[in-house]
file entry04.txt (compact mmCIF, C-alpha atoms and all ligand atoms)
# COMPACT_ATOMS: atom_id res chain seq x y z
CA MET A 1 -45.97 -9.59 16.40
CA SER A 2 -48.93 -9.89 14.14
CA ILE A 3 -47.98 -9.59 10.56
CA PRO A 4 -50.79 -9.23 8.07
CA THR A 5 -49.89 -12.13 5.90
CA LEU A 6 -51.01 -13.82 2.84
CA LEU A 7 -49.94 -17.40 3.11
CA LEU A 8 -48.57 -18.79 -0.07
CA HIS A 9 -49.31 -22.20 -1.26
CA PRO A 10 -45.78 -23.34 -1.92
CA CYS A 11 -44.52 -25.22 -4.89
CA GLN A 12 -42.09 -27.86 -3.75
CA HIS A 13 -39.93 -27.14 -6.76
CA LEU A 14 -39.62 -23.52 -5.94
CA LEU A 15 -38.96 -24.14 -2.30
CA ASN A 16 -36.20 -26.55 -3.17
CA SER A 17 -34.62 -24.08 -5.50
CA LEU A 18 -34.81 -21.37 -2.88
CA ARG A 19 -33.47 -23.68 -0.19
CA VAL A 20 -36.28 -22.88 2.18
CA PRO A 21 -36.50 -25.60 4.78
CA SER A 22 -39.96 -24.63 5.94
CA LEU A 23 -43.01 -25.24 3.84
CA ARG A 24 -44.40 -21.94 4.92
CA LEU A 25 -43.71 -18.67 3.28
CA HIS A 26 -45.33 -15.46 4.28
CA CYS A 27 -45.76 -12.76 1.80
CA ILE A 28 -45.62 -9.36 3.37
CA LEU A 29 -48.24 -7.27 1.76
CA HIS A 30 -49.38 -3.78 2.53
CA SER A 31 -48.43 -3.86 6.14
CA GLY A 32 -48.61 -0.68 8.15
CA ARG A 33 -45.68 -1.65 10.32
CA HIS A 34 -43.66 -3.39 7.69
CA PRO A 35 -42.47 -2.06 4.40
CA VAL A 36 -44.53 -2.97 1.43
CA SER A 37 -42.14 -5.03 -0.54
CA GLN A 38 -43.82 -5.39 -3.79
CA THR A 39 -43.02 -4.06 -7.22
CA PRO A 40 -45.03 -4.72 -10.38
CA ASN A 41 -43.08 -7.82 -11.27
CA ALA A 42 -41.45 -8.89 -8.07
CA LEU A 43 -42.53 -10.01 -4.67
CA LEU A 44 -40.37 -10.07 -1.59
CA LEU A 45 -40.86 -13.12 0.52
CA LYS A 46 -39.53 -14.26 3.81
CA PRO A 47 -39.80 -17.62 5.49
CA SER A 48 -42.24 -17.61 8.35
CA GLY A 49 -40.86 -18.08 11.82
CA TYR A 50 -37.50 -16.77 10.68
CA HIS A 51 -35.84 -13.62 11.78
CA CYS A 52 -35.64 -11.90 8.57
CA THR A 53 -31.95 -11.97 7.89
CA LYS A 54 -32.32 -12.72 4.29
CA TRP A 55 -34.98 -11.81 1.87
CA MET A 56 -35.61 -13.61 -1.27
CA LEU A 57 -36.42 -11.87 -4.43
CA LEU A 58 -38.79 -13.74 -6.54
CA SER A 59 -39.60 -12.53 -9.95
CA ALA A 60 -43.27 -13.03 -10.43
CA GLY A 61 -42.74 -12.48 -14.14
CA LEU A 62 -40.31 -15.38 -14.36
CA ARG A 63 -42.15 -17.60 -11.97
CA ARG A 64 -45.66 -16.81 -13.05
CA GLY A 65 -47.92 -19.76 -12.56
CA LEU A 66 -45.28 -21.59 -10.60
CA CYS A 67 -45.43 -20.36 -7.18
CA VAL A 68 -48.13 -18.37 -5.70
CA GLN A 69 -51.52 -19.68 -5.05
CA ALA A 70 -52.61 -17.81 -2.03
CA THR A 71 -54.40 -19.83 0.59
CA LEU A 72 -55.79 -18.66 3.86
CA LYS A 73 -54.27 -21.41 5.88
CA ASP A 74 -51.13 -23.43 5.67
CA GLN A 75 -52.02 -26.75 4.10
CA THR A 76 -50.72 -28.89 6.87
CA GLU A 77 -51.15 -26.59 9.83
CA GLY A 78 -53.12 -28.09 12.67
CA LEU A 79 -53.13 -31.69 11.49
CA SER A 80 -52.07 -34.39 13.89
CA ASP A 81 -49.30 -36.75 12.79
CA LYS A 82 -51.86 -39.44 12.17
CA GLU A 83 -53.99 -37.14 10.04
CA GLN A 84 -50.92 -35.97 8.18
CA ARG A 85 -49.96 -39.57 7.42
CA PHE A 86 -53.48 -40.30 6.24
CA VAL A 87 -53.47 -37.36 3.83
CA ASP A 88 -49.98 -38.30 2.64
CA LYS A 89 -51.11 -41.86 2.02
CA LEU A 90 -54.09 -40.73 -0.06
CA TYR A 91 -52.04 -38.20 -1.98
CA THR A 92 -49.21 -40.56 -2.90
CA GLY A 93 -51.64 -43.39 -3.61
CA LEU A 94 -53.59 -41.08 -5.89
CA LEU A 95 -50.50 -40.07 -7.83
CA ARG A 96 -49.55 -43.75 -8.13
CA GLN A 97 -52.94 -44.31 -9.73
CA GLN A 98 -54.24 -46.61 -7.00
CA ARG A 99 -57.99 -46.86 -7.42
CA ALA A 100 -58.60 -47.63 -3.76
CA CYS A 101 -56.94 -44.34 -2.79
CA LEU A 102 -58.98 -42.45 -5.37
CA ALA A 103 -62.18 -44.00 -3.99
CA GLU A 104 -61.16 -43.14 -0.44
CA ALA A 105 -60.21 -39.61 -1.42
CA ILE A 106 -63.60 -39.03 -3.06
CA THR A 107 -65.34 -40.42 0.02
CA LEU A 108 -63.34 -37.93 2.06
CA VAL A 109 -64.47 -34.94 -0.01
CA GLU A 110 -68.05 -36.18 0.21
CA SER A 111 -67.91 -36.32 3.97
CA THR A 112 -69.95 -33.83 5.97
CA HIS A 113 -67.91 -34.43 9.12
CA GLU A 114 -66.11 -31.17 10.03
CA ARG A 115 -62.69 -32.70 10.70
CA LYS A 116 -62.84 -34.82 7.56
CA LYS A 117 -63.80 -31.74 5.59
CA GLU A 118 -60.62 -30.14 6.89
CA LEU A 119 -58.53 -33.11 5.76
CA ALA A 120 -60.28 -33.03 2.39
CA ARG A 121 -59.32 -29.36 1.99
CA VAL A 122 -55.68 -30.16 2.67
CA LEU A 123 -55.71 -33.04 0.23
CA LEU A 124 -57.43 -30.96 -2.44
CA GLN A 125 -54.91 -28.15 -2.06
CA ARG A 126 -52.08 -30.60 -2.61
CA VAL A 127 -53.77 -32.15 -5.62
CA LEU A 128 -54.47 -28.70 -7.01
CA ALA A 129 -50.80 -27.74 -6.66
CA HIS A 130 -49.79 -30.90 -8.47
CA HIS A 131 -52.36 -30.15 -11.15
CA ARG A 132 -51.02 -26.65 -11.71
CA GLU A 133 -47.49 -27.91 -11.92
CA GLN A 134 -48.46 -30.52 -14.52
CA GLU A 135 -50.27 -27.90 -16.56
CA ARG A 136 -47.35 -25.55 -16.33
CA LEU A 137 -45.10 -28.28 -17.73
CA ASN A 138 -47.63 -28.63 -20.53
CA GLN A 139 -47.30 -24.94 -21.48
CA GLY A 140 -50.36 -24.01 -19.45
CA LYS A 141 -52.69 -26.23 -21.47
CA PRO A 142 -55.19 -28.54 -19.76
CA LEU A 143 -54.07 -32.16 -19.87
CA THR A 144 -57.47 -33.67 -19.41
CA PHE A 145 -60.76 -33.53 -21.22
CA ARG A 146 -63.89 -32.97 -19.13
CA VAL A 147 -67.07 -33.97 -20.88
CA GLY A 148 -70.59 -33.48 -19.55
CA LEU A 149 -73.22 -35.89 -20.78
CA SER A 150 -76.90 -35.36 -20.28
CA GLY A 151 -80.16 -36.62 -21.68
CA PRO A 152 -83.67 -37.55 -20.59
CA PRO A 153 -84.28 -40.87 -18.81
CA GLY A 154 -84.12 -43.70 -21.30
CA ALA A 155 -82.15 -41.70 -23.88
CA GLY A 156 -79.54 -44.45 -23.90
CA LYS A 157 -76.89 -42.78 -21.73
CA SER A 158 -75.61 -45.84 -19.92
CA THR A 159 -75.61 -48.01 -23.04
CA PHE A 160 -73.68 -45.27 -24.80
CA ILE A 161 -71.15 -44.80 -21.98
CA GLU A 162 -70.53 -48.54 -21.88
CA TYR A 163 -69.73 -48.65 -25.60
CA PHE A 164 -67.94 -45.31 -25.76
CA GLY A 165 -65.95 -45.99 -22.59
CA LYS A 166 -64.72 -49.35 -23.85
CA MET A 167 -63.72 -47.73 -27.13
CA LEU A 168 -61.70 -45.08 -25.28
CA THR A 169 -59.90 -47.49 -22.96
CA GLU A 170 -59.04 -49.72 -25.95
CA ARG A 171 -57.45 -46.65 -27.49
CA GLY A 172 -55.26 -46.19 -24.43
CA HIS A 173 -57.24 -43.60 -22.52
CA ARG A 174 -58.06 -43.73 -18.85
CA LEU A 175 -61.65 -42.75 -18.25
CA SER A 176 -63.59 -41.87 -15.17
CA VAL A 177 -67.35 -41.57 -15.11
CA LEU A 178 -68.92 -39.45 -12.40
CA ALA A 179 -72.64 -39.18 -11.92
CA VAL A 180 -74.60 -36.15 -10.79
CA ASP A 181 -77.99 -37.48 -9.95
CA PRO A 182 -80.68 -35.04 -8.82
CA SER A 183 -82.93 -37.91 -7.71
CA SER A 184 -80.36 -38.95 -5.13
CA CYS A 185 -80.87 -35.63 -3.36
CA THR A 186 -84.61 -35.96 -2.93
CA SER A 187 -85.23 -39.69 -2.63
CA GLY A 188 -81.93 -40.88 -1.21
CA GLY A 189 -82.02 -43.42 -4.02
CA SER A 190 -79.92 -43.02 -7.07
CA LEU A 191 -81.17 -43.23 -10.64
CA LEU A 192 -77.72 -43.17 -12.10
CA GLY A 193 -75.97 -45.01 -9.33
CA ASP A 194 -77.56 -48.32 -10.22
CA LYS A 195 -74.79 -50.89 -10.10
CA THR A 196 -76.26 -52.88 -12.96
CA ARG A 197 -75.48 -50.09 -15.38
CA MET A 198 -72.25 -50.27 -17.38
CA ILE A 199 -71.27 -53.73 -16.19
CA GLU A 200 -68.43 -54.25 -18.62
CA LEU A 201 -66.93 -50.84 -18.15
CA SER A 202 -66.99 -51.19 -14.38
CA ARG A 203 -64.71 -54.23 -14.75
CA ASP A 204 -62.24 -52.35 -16.93
CA MET A 205 -59.10 -51.43 -14.98
CA ASN A 206 -58.70 -48.26 -17.04
CA ALA A 207 -62.13 -47.02 -16.16
CA TYR A 208 -63.43 -45.74 -12.87
CA ILE A 209 -67.15 -45.29 -12.30
CA ARG A 210 -68.46 -43.35 -9.35
CA PRO A 211 -72.16 -42.85 -8.67
CA SER A 212 -73.25 -39.63 -7.03
CA PRO A 213 -73.54 -39.58 -3.26
CA THR A 214 -77.00 -40.64 -2.18
CA SER A 215 -77.71 -37.74 0.11
CA GLY A 216 -77.26 -34.02 0.27
CA THR A 217 -78.47 -31.06 -1.71
CA LEU A 218 -77.87 -30.71 -5.42
CA GLY A 219 -75.37 -27.98 -4.58
CA GLY A 220 -73.52 -30.33 -2.26
CA VAL A 221 -73.54 -33.15 -4.76
CA THR A 222 -72.27 -30.92 -7.52
CA ARG A 223 -69.59 -29.48 -5.27
CA THR A 224 -68.22 -32.90 -4.48
CA THR A 225 -68.43 -33.79 -8.17
CA ASN A 226 -66.33 -30.76 -8.93
CA GLU A 227 -63.78 -31.86 -6.41
CA ALA A 228 -63.96 -35.47 -7.56
CA ILE A 229 -63.00 -34.27 -11.05
CA LEU A 230 -59.77 -32.86 -9.63
CA LEU A 231 -59.06 -36.06 -7.74
CA CYS A 232 -59.68 -38.23 -10.80
CA GLU A 233 -57.35 -36.03 -12.81
CA GLY A 234 -54.75 -36.32 -10.06
CA GLY A 235 -55.23 -40.08 -10.27
CA GLY A 236 -54.15 -40.05 -13.91
CA TYR A 237 -57.52 -40.22 -15.67
CA ASP A 238 -57.32 -38.17 -18.84
CA ILE A 239 -60.99 -38.21 -19.80
CA ILE A 240 -63.60 -37.36 -17.22
CA LEU A 241 -67.20 -38.00 -18.17
CA ILE A 242 -69.82 -36.41 -15.97
CA GLU A 243 -73.24 -37.89 -16.47
CA THR A 244 -76.54 -36.43 -15.42
CA VAL A 245 -80.21 -37.01 -16.13
CA GLY A 246 -81.52 -34.08 -18.11
CA VAL A 247 -84.64 -33.35 -16.13
CA GLY A 248 -83.76 -30.61 -13.68
CA GLN A 249 -81.11 -28.15 -12.72
CA SER A 250 -78.31 -30.67 -12.53
CA GLU A 251 -77.49 -30.46 -16.22
CA PHE A 252 -76.93 -26.72 -15.93
CA ALA A 253 -74.59 -27.39 -13.03
CA VAL A 254 -72.76 -30.03 -15.06
CA ALA A 255 -72.54 -27.80 -18.13
CA ASN A 256 -70.74 -25.34 -15.87
CA MET A 257 -68.03 -27.75 -14.82
CA VAL A 258 -66.93 -29.28 -18.12
CA ASP A 259 -64.98 -28.44 -21.26
CA MET A 260 -67.61 -29.86 -23.56
CA PHE A 261 -71.28 -30.46 -22.96
CA VAL A 262 -72.93 -33.26 -24.93
CA LEU A 263 -76.66 -33.82 -25.05
CA LEU A 264 -78.02 -37.26 -25.91
CA LEU A 265 -81.54 -37.28 -27.33
CA PRO A 266 -83.59 -40.31 -28.31
CA PRO A 267 -85.33 -40.37 -31.69
CA ALA A 268 -88.64 -39.59 -30.02
CA GLY A 269 -91.46 -37.19 -30.74
CA GLY A 270 -91.98 -33.77 -29.24
CA ASP A 271 -94.00 -35.10 -26.30
CA GLU A 272 -91.25 -37.32 -24.99
CA LEU A 273 -88.74 -34.54 -25.27
CA GLN A 274 -90.84 -32.00 -23.43
CA GLY A 275 -88.98 -32.64 -20.20
CA ILE A 276 -85.88 -31.26 -21.85
CA LYS A 277 -85.46 -27.65 -20.96
CA ARG A 278 -84.97 -25.33 -23.90
CA GLY A 279 -82.08 -23.62 -22.16
CA ILE A 280 -80.09 -26.81 -21.99
CA ILE A 281 -80.02 -27.12 -25.75
CA GLU A 282 -78.25 -23.77 -25.83
CA MET A 283 -75.59 -25.21 -23.54
CA ALA A 284 -74.83 -28.14 -25.85
CA ASP A 285 -71.61 -28.20 -27.85
CA LEU A 286 -72.72 -31.42 -29.45
CA VAL A 287 -76.10 -33.14 -29.74
CA ALA A 288 -76.15 -36.87 -30.41
CA ILE A 289 -79.37 -38.53 -31.55
CA THR A 290 -79.22 -42.03 -30.07
CA LYS A 291 -80.61 -45.42 -31.17
CA SER A 292 -80.11 -44.67 -34.83
CA ASP A 293 -80.52 -48.29 -35.91
CA GLY A 294 -83.20 -50.52 -37.44
CA ASP A 295 -86.61 -48.86 -37.65
CA LEU A 296 -85.38 -45.92 -35.64
CA VAL A 297 -83.00 -44.66 -38.34
CA VAL A 298 -85.76 -42.70 -40.08
CA PRO A 299 -87.04 -40.84 -36.99
CA ALA A 300 -83.42 -40.32 -35.90
CA ARG A 301 -82.68 -38.60 -39.22
CA ARG A 302 -85.75 -36.43 -38.83
CA ILE A 303 -84.80 -35.36 -35.31
CA GLN A 304 -81.24 -34.70 -36.47
CA ALA A 305 -82.52 -32.36 -39.19
CA GLU A 306 -84.87 -30.60 -36.73
CA TYR A 307 -82.14 -29.99 -34.19
CA THR A 308 -79.63 -28.94 -36.83
CA SER A 309 -82.01 -26.15 -37.90
CA ALA A 310 -82.96 -25.27 -34.33
CA LEU A 311 -79.32 -24.90 -33.27
CA LYS A 312 -78.71 -22.40 -36.06
CA LEU A 313 -81.20 -20.07 -34.44
CA LEU A 314 -79.73 -20.29 -30.97
CA ARG A 315 -77.12 -18.02 -29.48
CA ARG A 316 -73.69 -19.59 -29.78
CA ARG A 317 -71.67 -20.22 -26.65
CA SER A 318 -68.35 -20.19 -28.41
CA GLY A 319 -66.72 -17.88 -30.89
CA VAL A 320 -64.87 -20.72 -32.59
CA TRP A 321 -67.16 -23.72 -32.43
CA LYS A 322 -70.56 -24.33 -34.06
CA PRO A 323 -72.56 -27.00 -32.21
CA LYS A 324 -73.15 -30.10 -34.33
CA VAL A 325 -75.82 -32.77 -34.40
CA VAL A 326 -74.74 -36.37 -35.01
CA ARG A 327 -76.53 -39.72 -35.08
CA ILE A 328 -75.27 -42.71 -33.17
CA SER A 329 -76.21 -46.26 -32.25
CA SER A 330 -74.71 -47.91 -29.21
CA ARG A 331 -76.14 -51.18 -30.45
CA SER A 332 -74.38 -51.25 -33.82
CA GLY A 333 -71.66 -48.80 -32.80
CA GLU A 334 -72.43 -46.67 -35.84
CA GLY A 335 -71.37 -43.06 -35.59
CA ILE A 336 -69.60 -43.39 -32.23
CA SER A 337 -66.04 -43.33 -33.52
CA GLU A 338 -66.97 -40.34 -35.71
CA MET A 339 -68.58 -38.70 -32.70
CA TRP A 340 -65.30 -39.04 -30.80
CA ASP A 341 -63.47 -37.48 -33.78
CA THR A 342 -65.86 -34.52 -33.55
CA MET A 343 -65.22 -34.25 -29.83
CA ARG A 344 -61.46 -34.26 -30.41
CA GLU A 345 -61.89 -31.62 -33.09
CA PHE A 346 -63.79 -29.49 -30.58
CA GLN A 347 -61.03 -29.95 -28.03
CA GLN A 348 -58.33 -28.97 -30.52
CA VAL A 349 -60.18 -25.90 -31.78
CA MET A 350 -60.97 -24.74 -28.26
CA LEU A 351 -57.43 -25.36 -27.05
CA ALA A 352 -55.83 -23.57 -29.97
CA SER A 353 -58.06 -20.52 -29.56
CA GLY A 354 -57.47 -20.38 -25.81
CA GLU A 355 -61.22 -20.67 -25.21
CA LEU A 356 -60.88 -23.92 -23.33
CA ALA A 357 -58.55 -22.42 -20.76
CA THR A 358 -60.79 -19.35 -20.47
CA ARG A 359 -63.88 -21.53 -20.04
CA ARG A 360 -62.21 -23.39 -17.19
CA GLN A 361 -61.16 -20.15 -15.53
CA LYS A 362 -64.66 -18.70 -15.74
CA GLN A 363 -66.08 -21.91 -14.32
CA GLN A 364 -63.87 -21.61 -11.27
CA LYS A 365 -65.32 -18.20 -10.58
CA VAL A 366 -68.90 -19.31 -11.19
CA TRP A 367 -68.37 -22.17 -8.75
CA MET A 368 -66.93 -20.02 -6.08
CA TRP A 369 -69.99 -17.77 -6.25
CA ASN A 370 -72.42 -20.68 -6.49
CA LEU A 371 -70.98 -22.13 -3.32
CA ILE A 372 -70.99 -18.80 -1.52
CA GLN A 373 -74.61 -18.22 -2.52
CA GLU A 374 -75.68 -21.64 -1.39
CA ASN A 375 -73.81 -21.33 1.87
CA ILE A 376 -75.17 -17.91 2.69
CA LEU A 377 -78.71 -18.94 1.83
CA GLU A 378 -78.37 -21.97 4.07
CA HIS A 379 -77.02 -19.76 6.84
CA PHE A 380 -79.93 -17.35 6.35
CA LYS A 381 -82.59 -20.07 6.42
CA SER A 382 -81.23 -21.71 9.54
CA HIS A 383 -80.59 -18.49 11.44
CA PRO A 384 -82.41 -18.63 14.81
CA SER A 385 -84.20 -15.31 14.36
CA ILE A 386 -85.32 -16.21 10.85
CA ARG A 387 -86.12 -19.91 10.88
CA GLU A 388 -89.52 -19.59 12.49
CA GLN A 389 -90.40 -16.39 10.67
CA ILE A 390 -90.01 -17.91 7.21
CA PRO A 391 -93.25 -20.00 7.08
CA LEU A 392 -95.22 -17.11 8.62
CA MET A 393 -93.91 -14.66 6.06
CA GLU A 394 -94.51 -17.10 3.23
CA ASN A 395 -98.15 -17.45 4.31
CA LYS A 396 -98.56 -13.70 4.50
CA VAL A 397 -97.17 -13.36 0.98
CA LEU A 398 -99.46 -16.16 -0.26
CA SER A 399 -102.54 -14.55 1.28
CA GLY A 400 -101.63 -11.17 -0.13
CA ALA A 401 -101.22 -9.57 3.31
CA LEU A 402 -97.61 -8.67 2.50
CA SER A 403 -95.89 -7.97 -0.77
CA PRO A 404 -92.93 -10.27 -1.57
CA GLY A 405 -90.61 -7.29 -1.48
CA LEU A 406 -91.77 -6.15 1.95
CA ALA A 407 -91.57 -9.68 3.37
CA ALA A 408 -88.02 -10.07 2.01
CA ASP A 409 -87.03 -6.69 3.51
CA MET A 410 -88.41 -7.67 6.92
CA LEU A 411 -86.64 -11.02 6.95
CA LEU A 412 -83.37 -9.47 5.82
CA LYS A 413 -83.66 -6.79 8.49
CA ALA A 414 -84.20 -9.44 11.17
CA PHE A 415 -81.22 -11.36 9.83
CA LYS A 416 -78.90 -8.36 9.81
CA SER A 417 -79.87 -7.26 13.28
N1 LIG A 501 -82.20 -49.73 -30.54
C1 LIG A 501 -81.40 -49.20 -29.62
N2 LIG A 501 -81.76 -49.23 -28.32
C2 LIG A 501 -80.92 -48.68 -27.42
C3 LIG A 501 -79.70 -48.09 -27.79
N3 LIG A 501 -79.10 -47.60 -26.66
C4 LIG A 501 -79.92 -47.89 -25.65
N4 LIG A 501 -81.02 -48.55 -26.09
C5 LIG A 501 -82.12 -49.03 -25.25
O1 LIG A 501 -82.78 -47.93 -24.65
C6 LIG A 501 -83.18 -48.25 -23.33
C7 LIG A 501 -82.64 -47.22 -22.35
O2 LIG A 501 -81.21 -47.27 -22.41
P1 LIG A 501 -80.29 -46.78 -21.20
O3 LIG A 501 -78.90 -46.82 -21.69
O4 LIG A 501 -80.64 -47.52 -19.96
O5 LIG A 501 -80.78 -45.30 -21.08
P2 LIG A 501 -80.41 -44.22 -19.97
O6 LIG A 501 -80.46 -42.91 -20.65
O7 LIG A 501 -79.16 -44.60 -19.31
O8 LIG A 501 -81.62 -44.35 -19.01
P3 LIG A 501 -81.74 -43.92 -17.48
O9 LIG A 501 -80.80 -44.84 -16.75
O10 LIG A 501 -83.18 -44.16 -17.18
O11 LIG A 501 -81.37 -42.49 -17.40
C8 LIG A 501 -82.67 -49.66 -23.06
O12 LIG A 501 -83.71 -50.56 -23.26
C9 LIG A 501 -81.61 -49.88 -24.11
O13 LIG A 501 -81.48 -51.23 -24.50
C10 LIG A 501 -79.35 -48.10 -29.18
O14 LIG A 501 -78.30 -47.60 -29.62
N5 LIG A 501 -80.22 -48.67 -30.03
call {"tool": "encode", "arguments": {"input": "entry04.txt", "output": "structure tokens"}}
result
Amino acid sequence: MSIPTLLLHPCQHLLNSLRVPSLRLHCILHSGRHPVSQTPNALLLKPSGYHCTKWMLLSAGLRRGLCVQATLKDQTEGLSDKEQRFVDKLYTGLLRQQRACLAEAITLVESTHERKKELARVLLQRVLAHHREQERLNQGKPLTFRVGLSGPPGAGKSTFIEYFGKMLTERGHRLSVLAVDPSSCTSGGSLLGDKTRMIELSRDMNAYIRPSPTSGTLGGVTRTTNEAILLCEGGGYDIILIETVGVGQSEFAVANMVDMFVLLLPPAGGDELQGIKRGIIEMADLVAITKSDGDLVVPARRIQAEYTSALKLLRRRSGVWKPKVVRISSRSGEGISEMWDTMREFQQVMLASGELATRRQKQQKVWMWNLIQENILEHFKSHPSIREQIPLMENKVLSGALSPGLAADMLLKAFKS
């Protein structure tokens, strides 16, 4: 009997309370052969593999947010016992805040091996369920603070993170620093992954630093960063700092995965800042002018004034928060505690207005589509009937023999057929 099913990602809590021995519940939806058992605020569920002697009424209104995250596949289906034990080990180790398990879990999500990708999916689903449950217990409010940090090379990012990170761990926070490094995608080497950066912080037991993987596309790197955020949060880190060099597309990707986006700018002239894309300034919730010490205080003040006026002219991203420009020195520590106060103020204002939760929701959707786009494009480019045509068509477009539109139509037609 094939039942059109939507498999529910079960909440252990709920299952216990319903006394369902199986982890699998099938929700019968819109079946031709089976009655549609759904009313606006209730779903009828039955345990899979059971003869349906007893139906359970579950009030979606009462249980909202608790129970139903639909997944296409049962989380554990198809795993061997050994694989199951491996995922269990990582999951429990993660929740017990074991760094080695966090590191192993991130390595798993970075893997390109098909079977490992499958295990990573299972692990992520479990972490996600835990995450949702924790948030539900916190009245639906995010428990962690995701901060994106970008700036041109030499802006003082690593010196800042070292100082800032130590300050946060001394105040009782647990911080993880993840790097999204566009250079790692093209050169295989990592600008941000340099082990000599942030020496002190890397020895701090309440801090976890993870360089970006040294291969893959930017899309792939940012996807694993997105997933690493979830794993770090599952591992009990309450502040997640995602660092990127502000020279390409990576900062836009990072701005789309965090609660707050912070731009670090050195007190340098226009020329040095030319690499900074205008659009990225619009994404900033906070701009920090670095190295505001000694002789650099005067230019830092000037740049602060310039950016304060420039930000007034830009379109605001938030209805409740006006981006600010602060001055800091990671050498003297001046302004860094105040900068953290500003960041906390942002978090409070955004939480209270509900914008933070909305921002996170929108980001989920953006990411889903980003990944679909990337995947489809990859599929298109590697399709056997297209692969060889692409350079030919590109040349024809370059020489003017074909218009871009016509070339695109022809390639798409070949792809569809
Ligand atoms: N005077 C002063 N110099 C600083 C400060 N912060 C960083 N620097 C110096 O600026 C230079 C670059 O600092 P980094 O922290 O390596 O900068 P970064 O942005 O991480 O650079 P990349 O790793 O190239 O992206 C180093 O020589 C630092 O010593 C500061 O607060 N004051």
call {"tool": "closest_atom_pairs", "arguments": {"input": "entry04.txt", "of": "chain A", "to": "ligand LIG 501 (chain A)", "cutoff": "9 Å", "atoms": "only C-alpha atoms and all ligand atoms", "output": "CSV"}}
result
residue,atom,partner,partner_atom,distance
A:Ser150,CA,A:LIG501,O6,8.4
A:Gly151,CA,A:LIG501,O6,6.4
A:Pro152,CA,A:LIG501,O6,6.2
A:Pro153,CA,A:LIG501,O11,3.6
A:Gly154,CA,A:LIG501,O8,3.5
A:Ala155,CA,A:LIG501,O6,3.8
A:Gly156,CA,A:LIG501,O5,3.2
A:Lys157,CA,A:LIG501,O6,3.7
A:Ser158,CA,A:LIG501,O7,3.8
A:Thr159,CA,A:LIG501,O3,3.8
A:Phe160,CA,A:LIG501,N3,6.2
A:Ile161,CA,A:LIG501,O3,8.0
A:Glu162,CA,A:LIG501,O3,8.5
A:Leu191,CA,A:LIG501,O9,6.3
A:Leu192,CA,A:LIG501,O9,5.8
A:Gly193,CA,A:LIG501,O9,8.9
A:Asp194,CA,A:LIG501,O9,8.1
A:Arg197,CA,A:LIG501,O4,7.4
A:Met198,CA,A:LIG501,O3,8.6
A:Thr244,CA,A:LIG501,O11,8.0
A:Val245,CA,A:LIG501,O11,5.7
A:Gly246,CA,A:LIG501,O11,8.4
A:Leu264,CA,A:LIG501,O6,8.1
A:Leu265,CA,A:LIG501,O6,8.8
A:Pro266,CA,A:LIG501,O1,8.5
A:Thr290,CA,A:LIG501,O14,5.7
A:Lys291,CA,A:LIG501,N5,3.5
A:Ser292,CA,A:LIG501,O14,6.2
A:Asp293,CA,A:LIG501,N1,5.8
A:Gly294,CA,A:LIG501,N1,7.0
A:Asp295,CA,A:LIG501,N1,8.4
A:Leu296,CA,A:LIG501,N1,7.1
A:Ile328,CA,A:LIG501,O14,6.8
A:Ser329,CA,A:LIG501,O14,3.6
A:Ser330,CA,A:LIG501,O14,3.6
A:Arg331,CA,A:LIG501,O14,4.3
A:Ser332,CA,A:LIG501,O14,6.8
A:Gly333,CA,A:LIG501,O14,7.5
A:Glu334,CA,A:LIG501,O14,8.6
call {"tool": "residues_around", "arguments": {"input": "entry04.txt", "residues": "Lys312 of chain A", "least_positions_apart": "4", "cutoff": "10 Å", "atoms": "all atoms listed in the file", "output": "list in words"}}
result
Tyr307, Thr308, Arg316, Lys322, Pro323 and Lys324 of chain A
call {"tool": "write_last_selection", "arguments": {"input": "entry04.txt", "atoms": "C-alpha atoms", "output": "mmCIF file, keeping the file's coordinate frame"}}
result
data_model
loop_
_atom_site.group_PDB
_atom_site.id
_atom_site.type_symbol
_atom_site.label_atom_id
_atom_site.label_comp_id
_atom_site.auth_asym_id
_atom_site.auth_seq_id
_atom_site.Cartn_x
_atom_site.Cartn_y
_atom_site.Cartn_z
ATOM 1 C CA TYR A 307 -82.140 -29.990 -34.190
ATOM 2 C CA THR A 308 -79.630 -28.940 -36.830
ATOM 3 C CA ARG A 316 -73.690 -19.590 -29.780
ATOM 4 C CA LYS A 322 -70.560 -24.330 -34.060
ATOM 5 C CA PRO A 323 -72.560 -27.000 -32.210
ATOM 6 C CA LYS A 324 -73.150 -30.100 -34.330
#
call {"tool": "residues_around", "arguments": {"input": "entry04.txt", "residues": "Glu83 of chain A", "least_positions_apart": "4", "cutoff": "8 Å", "atoms": "all atoms listed in the file", "output": "PyMOL selection string"}}
result
chain A and resi 79+87+119
call {"tool": "write_last_selection", "arguments": {"input": "entry04.txt", "atoms": "C-alpha atoms", "output": "compact mmCIF listing (two decimals), keeping the file's coordinate frame"}}
result
# COMPACT_ATOMS: atom_id res chain seq x y z
CA LEU A 79 -53.13 -31.69 11.49
CA VAL A 87 -53.47 -37.36 3.83
CA LEU A 119 -58.53 -33.11 5.76
call {"tool": "residues_near_point", "arguments": {"input": "entry04.txt", "point": "(-68.0, -18.8, -32.3)", "cutoff": "12 Å", "atoms": "only C-alpha atoms", "output": "list in words"}}
result
Asp285, Lys312, Leu314, Arg315, Arg316, Arg317, Ser318, Gly319, Val320, Trp321, Lys322, Pro323, Phe346, Val349, Met350, Ser353 and Glu355 of chain A
call {"tool": "closest_residue", "arguments": {"input": "entry04.txt", "among": "A:Glu233, A:Ser176, A:Lys117, A:Tyr91", "to": "Gln134 of chain A", "atoms": "all atoms listed in the file"}}
result
A:Glu233
